[in-house]
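Chemist: Here it is, the structure in full.
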Amino acid sequence: DIHMTQSPTSLSASVGDRVTISCRASQSISSFLNWYQQRPGTAPKLLIYAASRLHSGVPSRFSGSGSGTDFTLTISSLQPEDLGTYYCQQTYNSPAWTFGPGTTVEIK
Amino acid sequence: QVQLVESGGGVVQPGRSLRLSCTASGYIFSYYAMHWVRQAPDKGLELVAFISSDGRIDSYADSVKGRFTISRDNSQNTLHLQMNSLRTEDAALYYCARDQGGPEGGFDLWGQGTLVTVSS
């Protein structure tokens with residue numbers, strides 16, 4: 001199985017800050033990497049698919065990059081509604097897709 | 001309105017069974033593969049089961065293989081998860097999710113979840 005790790009485990013940032021979250025796969029997954037946001041008490045939402053493609057309706061302050069084993073989710077200007085947990089997911093090893101453990105974003 | 005609505009969760013004793021359902025509306029259900037994803041309290045996301053759009057292909061996490069069965073009825077726009085021999089570690093919020101398709105996939109539509117509690 002492909003193992004996913006994320007760093008940091010949690011972070012606290014101010015409104016307007018640039019925030020980056022890293023995701024690493026245990027083997028190369030090309031660009032088969034998705035990012036989800038889960039606000040407290042709600043279901044996850046797809047933000048980014050195929051490593052860098054913005055899902056419909058997602059604000060442009062979110063962006064994704066990377067390929068192979070190392071990926072990054074960037075929030076260019078953190079907003080209060082961005083608090084929550086962010087998960088990466090690999091879809092390379094179909095259908096044994098796996099999620100990362102999550103990164104919790106708090107607002108200072 | 002495009003949505004998924006789960007039902008069937010509840011409190012069940014270890015070793016018993018439970019059947020979850022997910023009803024889709026607002027889109028052509030038979031076009032999309034579907035997944036069940038669970039989240040234990042204060043834990044991350046775990047993919048439980050997958051089923052192809054026509055129901056011919058399924059797969060399971062090792063943790064549930066042989067105990068859980070995913071199925072779908074495209075004529076009724078419903079997805080099911082039959083859970084047998086439940087264990088305390090199966091307690092979680094269970095989400096159904098739509099696979100948007102394409103080579104990279106991505107789960108683009110989620111239900112609100114149904115809670116399964118396994119306790120004696």
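Here, A, B, ... name the chains of the structure tokens in the order displayed, residue numbers run from 1 inside each chain, and ligands are numbered from 1 in the same displayed order.
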Using only C-alpha atoms, which chain A residues lie at most 10 Å away from chain B, written as number ranges by chain?
Modeler: A: 30-36, 41-51, 55-56, 85-87, 89-92, 94-103
Chemist: Using DSSP on the backbone coordinates, identify the residues of chain B assigned to helix (DSSP H, G or I); present them as an NGL selection string.
Modeler: :B and (29-31 or 88-90)
Chemist: Write the residues of the preceding selection, restricted to all heavy atoms, as a tab-separated table (two decimals), in the first residue's frame.
Modeler:
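Final output, saved to part_0.tsv:
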```tsv
chain	number	residue	atom	x	y	z
B	29	PHE	N	-27.12	8.87	-11.34
B	29	PHE	CA	-26.39	8.04	-10.38
B	29	PHE	C	-25.57	6.97	-11.09
B	29	PHE	O	-24.43	6.70	-10.71
B	29	PHE	CB	-27.40	7.42	-9.42
B	29	PHE	CG	-26.81	6.53	-8.37
B	29	PHE	CD1	-26.01	7.04	-7.37
B	29	PHE	CD2	-27.10	5.16	-8.35
B	29	PHE	CE1	-25.48	6.23	-6.39
B	29	PHE	CE2	-26.59	4.34	-7.38
B	29	PHE	CZ	-25.77	4.87	-6.39
B	30	SER	N	-26.13	6.36	-12.11
B	30	SER	CA	-25.49	5.22	-12.76
B	30	SER	C	-24.22	5.59	-13.52
B	30	SER	O	-23.51	4.71	-13.99
B	30	SER	CB	-26.48	4.53	-13.70
B	30	SER	OG	-26.88	5.42	-14.72
B	31	TYR	N	-23.94	6.88	-13.65
B	31	TYR	CA	-22.75	7.30	-14.38
B	31	TYR	C	-21.48	7.26	-13.53
B	31	TYR	O	-20.37	7.34	-14.06
B	31	TYR	CB	-22.91	8.73	-14.90
B	31	TYR	CG	-23.75	8.87	-16.15
B	31	TYR	CD1	-24.50	7.82	-16.66
B	31	TYR	CD2	-23.81	10.10	-16.83
B	31	TYR	CE1	-25.27	7.97	-17.81
B	31	TYR	CE2	-24.57	10.25	-17.98
B	31	TYR	CZ	-25.31	9.20	-18.46
B	31	TYR	OH	-26.08	9.37	-19.59
B	88	THR	N	-15.94	-3.09	17.75
B	88	THR	CA	-15.92	-1.77	18.37
B	88	THR	C	-15.12	-0.78	17.51
B	88	THR	O	-15.46	0.41	17.46
B	88	THR	CB	-15.32	-1.83	19.78
B	88	THR	OG1	-14.04	-2.45	19.73
B	88	THR	CG2	-16.23	-2.64	20.71
B	89	GLU	N	-14.11	-1.27	16.83
B	89	GLU	CA	-13.28	-0.38	16.01
B	89	GLU	C	-13.97	0.04	14.71
B	89	GLU	O	-13.43	0.87	13.96
B	89	GLU	CB	-11.93	-1.03	15.69
B	89	GLU	CG	-12.01	-2.37	15.01
B	89	GLU	CD	-11.88	-3.54	15.98
B	89	GLU	OE1	-12.40	-3.43	17.12
B	89	GLU	OE2	-11.29	-4.58	15.58
B	90	ASP	N	-15.16	-0.49	14.42
B	90	ASP	CA	-15.93	-0.04	13.26
B	90	ASP	C	-16.77	1.20	13.57
B	90	ASP	O	-17.39	1.78	12.68
B	90	ASP	CB	-16.86	-1.15	12.76
B	90	ASP	CG	-16.11	-2.35	12.23
B	90	ASP	OD1	-15.08	-2.15	11.55
B	90	ASP	OD2	-16.54	-3.48	12.51
```
Chemist: Residues near Thr69 of chain A, anyone? I mean within 7 Å using only C-alpha atoms, not counting same-chain ones fewer than 4 positions away, as a PyMOL selection string.
Modeler: chain A and resi 24-29
Chemist: Apply DSSP to the structure's backbone, then extract all residues of segment 2-103 of chain A labelled strand (DSSP E) and return them as number ranges by chain.
Modeler: A: 4-7, 10-13, 19-25, 33-38, 45-49, 53-54, 62-67, 70-75, 84-90, 98-99, 103
Chemist: With N, CA and C atoms kept, could you save the residues just selected as a CSV table (one decimal), in the first residue's frame?
Modeler:
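Saved the output as again.csv:
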```csv
chain,number,residue,atom,x,y,z
A,4,MET,N,0.8,7.7,3.0
A,4,MET,CA,0.8,9.2,2.8
A,4,MET,C,1.1,9.8,4.2
A,5,THR,N,2.0,10.8,4.2
A,5,THR,CA,2.3,11.6,5.4
A,5,THR,C,2.1,13.1,5.1
A,6,GLN,N,1.7,13.8,6.1
A,6,GLN,CA,1.5,15.3,5.9
A,6,GLN,C,2.3,16.0,7.0
A,7,SER,N,2.7,17.2,6.7
A,7,SER,CA,3.3,18.1,7.6
A,7,SER,C,3.0,19.6,7.4
A,10,SER,N,-0.4,20.3,12.6
A,10,SER,CA,-1.3,21.4,12.8
A,10,SER,C,-0.5,22.7,12.7
A,11,LEU,N,-1.2,23.8,12.4
A,11,LEU,CA,-0.6,25.1,12.3
A,11,LEU,C,-1.6,26.2,12.8
A,12,SER,N,-1.1,27.3,13.2
A,12,SER,CA,-1.9,28.4,13.6
A,12,SER,C,-1.3,29.6,12.8
A,13,ALA,N,-2.2,30.3,12.1
A,13,ALA,CA,-1.8,31.4,11.3
A,13,ALA,C,-2.8,32.6,11.4
A,19,VAL,N,-0.2,30.2,3.7
A,19,VAL,CA,-0.1,28.9,4.4
A,19,VAL,C,0.3,27.8,3.4
A,20,THR,N,1.2,27.0,3.8
A,20,THR,CA,1.6,25.8,3.0
A,20,THR,C,1.5,24.6,3.8
A,21,ILE,N,0.9,23.6,3.2
A,21,ILE,CA,0.8,22.2,3.8
A,21,ILE,C,1.5,21.2,2.8
A,22,SER,N,2.3,20.4,3.4
A,22,SER,CA,3.0,19.4,2.6
A,22,SER,C,2.4,18.0,2.7
A,23,CYS,N,2.6,17.2,1.7
A,23,CYS,CA,2.1,15.9,1.6
A,23,CYS,C,3.1,15.1,0.9
A,24,ARG,N,3.5,13.9,1.5
A,24,ARG,CA,4.5,13.1,0.8
A,24,ARG,C,4.0,11.6,0.7
A,25,ALA,N,4.2,11.0,-0.5
A,25,ALA,CA,3.8,9.7,-0.7
A,25,ALA,C,5.0,8.7,-0.5
A,33,LEU,N,-3.0,13.0,-7.0
A,33,LEU,CA,-3.0,13.5,-5.7
A,33,LEU,C,-4.2,14.5,-5.6
A,34,ASN,N,-5.0,14.4,-4.6
A,34,ASN,CA,-6.1,15.3,-4.4
A,34,ASN,C,-6.0,15.9,-3.0
A,35,TRP,N,-6.6,17.0,-2.8
A,35,TRP,CA,-6.7,17.7,-1.5
A,35,TRP,C,-8.2,18.0,-1.1
A,36,TYR,N,-8.5,17.8,0.2
A,36,TYR,CA,-9.8,18.0,0.7
A,36,TYR,C,-9.7,18.9,1.9
A,37,GLN,N,-10.8,19.7,2.1
A,37,GLN,CA,-10.9,20.5,3.3
A,37,GLN,C,-12.1,20.0,4.1
A,38,GLN,N,-11.9,19.8,5.4
A,38,GLN,CA,-13.0,19.4,6.2
A,38,GLN,C,-13.2,20.5,7.4
A,45,LYS,N,-14.7,18.3,1.6
A,45,LYS,CA,-15.0,18.9,0.3
A,45,LYS,C,-13.7,18.8,-0.5
A,46,LEU,N,-13.9,18.5,-1.8
A,46,LEU,CA,-12.7,18.4,-2.7
A,46,LEU,C,-12.3,19.8,-3.1
A,47,LEU,N,-11.0,20.1,-2.9
A,47,LEU,CA,-10.4,21.4,-3.2
A,47,LEU,C,-9.6,21.3,-4.5
A,48,ILE,N,-8.7,20.4,-4.6
A,48,ILE,CA,-7.7,20.2,-5.7
A,48,ILE,C,-7.7,18.8,-6.1
A,49,TYR,N,-7.7,18.5,-7.4
A,49,TYR,CA,-7.5,17.2,-7.9
A,49,TYR,C,-6.4,17.2,-8.9
A,53,ARG,N,-5.2,20.9,-10.1
A,53,ARG,CA,-6.4,21.4,-10.7
A,53,ARG,C,-7.4,21.8,-9.7
A,54,LEU,N,-7.9,23.1,-9.8
A,54,LEU,CA,-8.8,23.6,-8.8
A,54,LEU,C,-10.2,23.0,-9.1
A,62,PHE,N,-6.6,29.1,-3.1
A,62,PHE,CA,-6.1,27.7,-3.0
A,62,PHE,C,-5.4,27.3,-4.2
A,63,SER,N,-4.2,26.7,-4.0
A,63,SER,CA,-3.5,26.1,-5.2
A,63,SER,C,-2.7,24.9,-4.7
A,64,GLY,N,-2.5,24.0,-5.7
A,64,GLY,CA,-1.7,22.8,-5.4
A,64,GLY,C,-0.6,22.7,-6.4
A,65,SER,N,0.5,22.0,-5.9
A,65,SER,CA,1.6,21.8,-6.8
A,65,SER,C,2.3,20.5,-6.4
A,66,GLY,N,3.2,20.0,-7.3
A,66,GLY,CA,4.0,18.8,-7.0
A,66,GLY,C,3.7,17.7,-7.9
A,67,SER,N,4.6,16.7,-7.9
A,67,SER,CA,4.5,15.5,-8.6
A,67,SER,C,5.4,14.5,-8.1
A,70,ASP,N,6.3,14.4,-3.7
A,70,ASP,CA,6.1,15.5,-2.8
A,70,ASP,C,5.1,16.5,-3.4
A,71,PHE,N,4.2,17.0,-2.6
A,71,PHE,CA,3.1,17.8,-3.0
A,71,PHE,C,2.9,18.9,-1.9
A,72,THR,N,2.3,20.0,-2.4
A,72,THR,CA,2.1,21.2,-1.5
A,72,THR,C,0.7,21.7,-1.8
A,73,LEU,N,0.0,22.1,-0.8
A,73,LEU,CA,-1.3,22.8,-0.8
A,73,LEU,C,-0.9,24.2,-0.3
A,74,THR,N,-1.3,25.2,-1.0
A,74,THR,CA,-1.0,26.6,-0.6
A,74,THR,C,-2.3,27.4,-0.5
A,75,ILE,N,-2.5,28.1,0.6
A,75,ILE,CA,-3.5,29.1,0.7
A,75,ILE,C,-2.8,30.5,0.7
A,84,GLY,N,-10.0,24.5,9.7
A,84,GLY,CA,-10.4,23.1,9.5
A,84,GLY,C,-9.2,22.2,9.3
A,85,THR,N,-9.5,21.0,8.9
A,85,THR,CA,-8.5,20.0,8.6
A,85,THR,C,-8.4,19.7,7.1
A,86,TYR,N,-7.2,19.6,6.7
A,86,TYR,CA,-6.9,19.4,5.3
A,86,TYR,C,-6.2,18.0,5.1
A,87,TYR,N,-6.8,17.3,4.1
A,87,TYR,CA,-6.3,15.9,3.9
A,87,TYR,C,-5.8,15.8,2.4
A,88,CYS,N,-4.7,15.1,2.2
A,88,CYS,CA,-4.3,14.7,0.9
A,88,CYS,C,-4.8,13.3,0.7
A,89,GLN,N,-4.9,12.9,-0.6
A,89,GLN,CA,-5.3,11.6,-1.0
A,89,GLN,C,-4.7,11.2,-2.2
A,90,GLN,N,-4.1,9.9,-2.3
A,90,GLN,CA,-3.5,9.5,-3.5
A,90,GLN,C,-4.6,8.6,-4.2
A,98,THR,N,-5.6,6.0,-0.6
A,98,THR,CA,-5.4,6.3,0.8
A,98,THR,C,-5.3,7.8,1.0
A,99,PHE,N,-5.7,8.1,2.2
A,99,PHE,CA,-5.7,9.5,2.7
A,99,PHE,C,-4.4,9.7,3.6
A,103,THR,N,-3.9,17.8,8.3
A,103,THR,CA,-3.3,18.9,8.9
A,103,THR,C,-4.4,19.9,9.4
```
Chemist: Ranking A:Gly16, A:Pro40, A:Pro8, A:Ile2 by minimum distance to Ser76 of chain A and counting only C-alpha atoms, which one comes first?
Modeler: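 Among the listed residues, A:Gly16 lies closest to Ser76 of chain A.
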Chemist: May I have the residues within 6 Å of Thr23 of chain B as a PyMOL selection string, using only C-alpha atoms and disregarding those fewer than 2 positions away in the same chain?
Modeler: chain B and resi 4-5+77-78
Chemist: Ranking A:Arg18, A:Glu106, A:Ser52, A:Asp1 by minimum distance to Pro80 of chain A and counting only C-alpha atoms, which one comes first?
Modeler: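 The answer is A:Glu106, which sits nearest to Pro80 of chain A.
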Chemist: Do you have the atom CA of Ser17 of chain B-atom CA of Asp42 of chain B distance handy?
Modeler: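 Computing the Euclidean distance for atom CA of Ser17 of chain B and atom CA of Asp42 of chain B yields 23.9 Å.
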Chemist: Mind pulling up the distance from atom CA of Val64 of chain B to atom CA of Arg38 of chain B?
Modeler: 11.4 Å
Chemist: Need to verify the contact set: Glu6 of chain B, 6 Å, only C-alpha atoms, exclusion of same-chain residues closer than 6 positions in sequence. Can you return it as a JSON list (two decimals) with all heavy atoms, in the first residue's frame?
Modeler:
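And here's selection05.json as it stands now:
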```json
[["chain", "number", "residue", "atom", "x", "y", "z"],
["B", 21, "SER", "N", -27.49, 2.96, 3.99],
["B", 21, "SER", "CA", -27.95, 3.32, 2.66],
["B", 21, "SER", "C", -27.54, 4.75, 2.34],
["B", 21, "SER", "O", -27.33, 5.57, 3.24],
["B", 21, "SER", "CB", -29.47, 3.20, 2.56],
["B", 21, "SER", "OG", -29.88, 1.87, 2.74],
["B", 22, "CYS", "N", -27.44, 5.03, 1.07],
["B", 22, "CYS", "CA", -27.10, 6.36, 0.59],
["B", 22, "CYS", "C", -27.97, 6.62, -0.64],
["B", 22, "CYS", "O", -27.90, 5.86, -1.62],
["B", 22, "CYS", "CB", -25.62, 6.42, 0.23],
["B", 22, "CYS", "SG", -25.08, 7.87, -0.70],
["B", 113, "GLY", "N", -23.16, 12.11, 6.27],
["B", 113, "GLY", "CA", -22.68, 11.05, 7.15],
["B", 113, "GLY", "C", -23.78, 10.46, 8.01],
["B", 113, "GLY", "O", -24.78, 11.11, 8.32],
["B", 114, "THR", "N", -23.59, 9.18, 8.36],
["B", 114, "THR", "CA", -24.48, 8.50, 9.29],
["B", 114, "THR", "C", -23.61, 7.83, 10.34],
["B", 114, "THR", "O", -22.60, 7.19, 10.02],
["B", 114, "THR", "CB", -25.41, 7.51, 8.56],
["B", 114, "THR", "OG1", -26.36, 6.99, 9.48],
["B", 114, "THR", "CG2", -24.65, 6.36, 7.92]]
```
Chemist: Mind pulling up the distance from atom CA of Trp36 of chain B to atom CA of Pro59 of chain A?
Modeler: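 Result for atom CA of Pro59 of chain A versus atom CA of Trp36 of chain B: 26.9 Å, one decimal.
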